[in-house]
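work_1.txt (compact mmCIF, C-alpha atoms) appears below.
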```
# COMPACT_ATOMS: atom_id res chain seq x y z
CA PRO P 458 72.70 85.29 93.04
CA VAL P 459 70.39 86.14 90.15
CA SER P 460 72.11 83.66 87.86
CA THR P 461 72.00 81.01 90.58
CA THR P 462 68.31 81.62 91.20
CA TYR P 463 67.60 81.45 87.47
CA ARG P 464 69.54 78.20 87.15
CA LEU P 465 67.82 76.59 90.13
CA ASP P 466 64.39 77.72 88.95
CA HIS P 467 64.99 76.04 85.58
CA THR P 468 66.44 72.83 87.03
CA ASP P 469 64.19 69.85 87.56
CA LYS P 470 63.49 69.45 91.30
CA ARG P 471 65.00 65.94 91.23
CA PHE P 472 68.40 67.35 90.21
CA VAL P 473 68.72 70.42 92.47
CA ALA P 474 70.90 68.60 95.00
CA ARG P 475 73.18 67.37 92.21
CA VAL P 476 73.54 70.87 90.78
CA LEU P 477 74.38 72.37 94.18
CA SER P 478 76.93 69.68 95.00
CA ALA P 479 78.49 70.01 91.53
CA TRP P 480 78.92 73.76 92.09
CA SER P 481 80.59 73.13 95.46
CA VAL P 482 82.94 70.50 94.02
CA SER P 483 83.76 72.70 91.01
CA LYS P 484 84.64 75.67 93.21
CA ASN P 485 86.89 73.63 95.47
CA LEU P 486 88.50 71.88 92.51
CA CYS P 487 89.28 75.24 90.85
CA ILE P 488 90.89 76.57 94.02
CA ALA P 489 93.04 73.44 94.39
CA ALA P 490 93.99 73.35 90.71
CA LEU P 491 95.02 77.00 90.62
CA THR P 492 97.03 76.64 93.83
CA ILE P 493 98.89 73.69 92.33
CA ALA P 494 99.38 75.50 89.02
CA TRP P 495 100.92 78.58 90.69
CA GLY P 496 103.12 76.34 92.85
CA VAL P 497 104.36 74.39 89.82
CA LEU P 498 104.95 77.61 87.89
CA ALA P 499 106.90 79.09 90.81
CA SER P 500 108.96 75.90 91.14
CA ALA P 501 109.66 75.65 87.42
CA THR P 502 110.63 79.30 86.99
CA SER P 503 110.82 81.55 90.01
CA PRO P 504 108.35 83.11 92.43
CA ARG P 505 108.87 86.45 90.66
CA VAL P 506 107.77 85.02 87.28
CA SER P 507 104.78 83.37 88.95
CA ILE P 508 103.72 86.65 90.55
CA LEU P 509 104.26 88.48 87.24
CA THR P 510 102.05 85.96 85.46
CA ALA P 511 99.35 86.34 88.10
CA GLY P 512 99.57 90.14 87.74
CA ILE P 513 99.18 89.96 83.97
CA LEU P 514 96.15 87.72 84.33
CA LEU P 515 94.68 90.11 86.90
CA LEU P 516 95.11 92.97 84.45
CA GLY P 517 93.10 90.95 81.91
CA THR P 518 90.26 90.44 84.39
CA PRO P 519 88.43 93.70 83.54
CA LEU P 520 88.19 92.61 79.91
CA LEU P 521 86.76 89.28 81.02
CA LEU P 522 84.24 91.05 83.27
CA LEU P 523 83.25 93.33 80.40
CA ALA P 524 82.70 90.33 78.12
CA VAL P 525 80.72 88.41 80.76
CA GLY P 526 78.52 91.44 81.48
CA CYS P 527 77.77 91.91 77.79
CA ALA P 528 77.01 88.20 77.40
CA LEU P 529 74.63 88.26 80.36
CA VAL P 530 72.72 91.15 78.82
CA TRP P 531 72.77 89.51 75.38
CA CYS P 532 71.33 86.25 76.76
CA ASP P 533 68.66 88.12 78.78
CA TYR P 534 70.00 86.95 82.17
CA HIS P 535 70.44 90.52 83.42
CA TRP P 536 69.05 93.94 82.71
CA PRO P 537 71.58 96.33 81.14
CA LEU P 538 71.33 98.71 84.10
CA ASP P 539 72.17 95.87 86.53
CA VAL P 540 75.38 95.15 84.64
CA LEU P 541 76.22 98.84 84.33
CA ALA P 542 75.60 99.34 88.06
CA SER P 543 77.87 96.42 88.95
CA TRP P 544 80.62 97.83 86.71
CA CYS P 545 80.29 101.25 88.35
CA LEU P 546 80.34 99.73 91.85
CA THR P 547 83.42 97.67 90.99
CA LEU P 548 85.18 100.71 89.55
CA THR P 549 84.31 102.74 92.64
CA LEU P 550 85.56 100.08 95.03
CA LEU P 551 88.77 99.47 93.11
CA SER P 552 89.42 103.21 92.87
CA GLY P 553 88.98 103.49 96.63
CA VAL P 554 91.44 100.65 97.24
CA ALA P 555 93.97 102.19 94.85
CA ALA P 556 93.61 105.62 96.46
CA ALA P 557 94.08 104.12 99.94
CA GLN P 558 97.25 102.38 98.80
CA VAL P 559 98.64 105.56 97.25
CA LEU P 560 97.87 107.55 100.41
CA ALA P 561 99.42 104.87 102.63
CA ARG P 562 102.60 104.82 100.54
CA ALA P 563 102.79 108.62 100.56
CA ALA P 564 102.34 108.70 104.34
CA HIS P 565 105.02 106.04 104.80
CA ARG P 566 107.42 107.85 102.46
CA ASP P 567 106.92 111.17 104.27
CA ALA P 568 107.30 109.68 107.76
CA PRO P 569 110.38 110.82 109.71
CA GLY P 570 113.20 108.30 109.43
CA ALA P 571 111.70 106.49 106.45
CA ALA P 572 114.19 105.35 103.83
CA GLY P 573 114.53 107.89 101.06
CA SER P 574 112.45 110.52 102.85
CA GLY P 575 115.39 112.76 103.69
CA GLY P 576 114.38 112.71 107.35
CA ALA P 577 116.96 112.10 110.03
CA PRO P 578 117.08 108.62 111.56
CA ASP P 579 116.37 108.22 115.24
CA GLU P 580 119.23 109.73 117.18
CA GLY P 581 118.97 107.18 120.00
CA LEU P 582 120.14 104.31 117.76
CA ASN P 583 123.69 103.56 116.78
CA CYS P 584 123.30 102.48 113.15
CA SER P 585 126.44 100.34 113.13
CA SER P 586 125.41 98.09 116.02
CA GLY P 587 121.64 98.61 116.16
CA SER P 588 121.80 99.26 119.89
CA PRO P 589 120.92 102.46 121.75
CA GLY P 590 123.61 104.85 122.57
```

Conversion result in structure tokens:
Amino acid sequence: PVSTTYRLDHTDKRFVARVLSAWSVSKNLCIAALTIAWGVLASATSPRVSILTAGILLLGTPLLLLAVGCALVWCDYHWPLDVLASWCLTLTLLSGVAAAQVLARAAHRDAPGAAGSGGAPDEGLNCSSGSPG
């Protein structure tokens, strides 16, 4: 929002509509292009390779965010504390998501009848036919 406000404040009033429509078109074009790229990659290789590639790129995202934050401070678009606060908030949110996933997996693993938990399966089911009895 701050970058958008800065950009719109420094854009000639005659071109504000063009800038806003260009941002909308660019966003939609990026979504479509990436969807096509992942589909082509999955078709050319396999869905597993496509997901692996996406995962590797996601792991590189923190480095990109670090570089963008430093560049915003360097170019005087943001105060250093704003960038530091956004990094801390992101780290906090991602840590919370990771902790929730770990807890959910641990709860699922420890549930009675879960595969690999050592618990006994439901006694009312006949495992060979899947029917009660």

Given all atoms listed in the file, how would the per-residue table for range 540-561 of chain P near range 517-527 of chain P read, listing every residue at most 12 Å away with its closest atom pair and distance in Å to one decimal, sorted by chain and number, as CSV?
```
residue,atom,partner,partner_atom,distance
P:Val540,CA,P:Gly526,CA,5.8
P:Leu541,CA,P:Gly526,CA,8.3
P:Ala542,CA,P:Gly526,CA,10.7
P:Ser543,CA,P:Gly526,CA,9.0
P:Trp544,CA,P:Leu523,CA,8.2
P:Cys545,CA,P:Leu523,CA,11.6
P:Thr547,CA,P:Pro519,CA,9.8
P:Leu548,CA,P:Pro519,CA,9.8
P:Leu551,CA,P:Pro519,CA,11.2
```

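Counting only C-alpha atoms and comparing P:Ser481, P:Tyr534, P:Ala556, P:Asp567, the residue that lies closest to Thr462 in chain P is P:Tyr534.
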
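The two atoms in question, CA of Ile488 in chain P and CA of Ser507 in chain P, are spaced 16.3 Å apart.
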
note - CA of Val554 in chain P and CA of Leu514 in chain P are separated by 18.9 Å

Pairwise distance, CA of Ser478 in chain P with CA of Ser460 in chain P, equals 16.4 Å

- Contacts of Trp480 in chain P at 12 Å or less, counting only C-alpha atoms, minus same-chain residues fewer than 5 places along, as a ChimeraX atom specification? /P:461,464-465,473-475,485-487

If you take every atom of range 536-540 of chain P that the file lists and fit an axis-aligned box around them with 8 Å extra on each side, what centre and edge lengths come out in Å to one decimal, as lines of an AutoDock Vina configuration file?
```
center_x = 72.2
center_y = 96.3
center_z = 83.8
size_x = 22.3
size_y = 20.8
size_z = 21.4
```
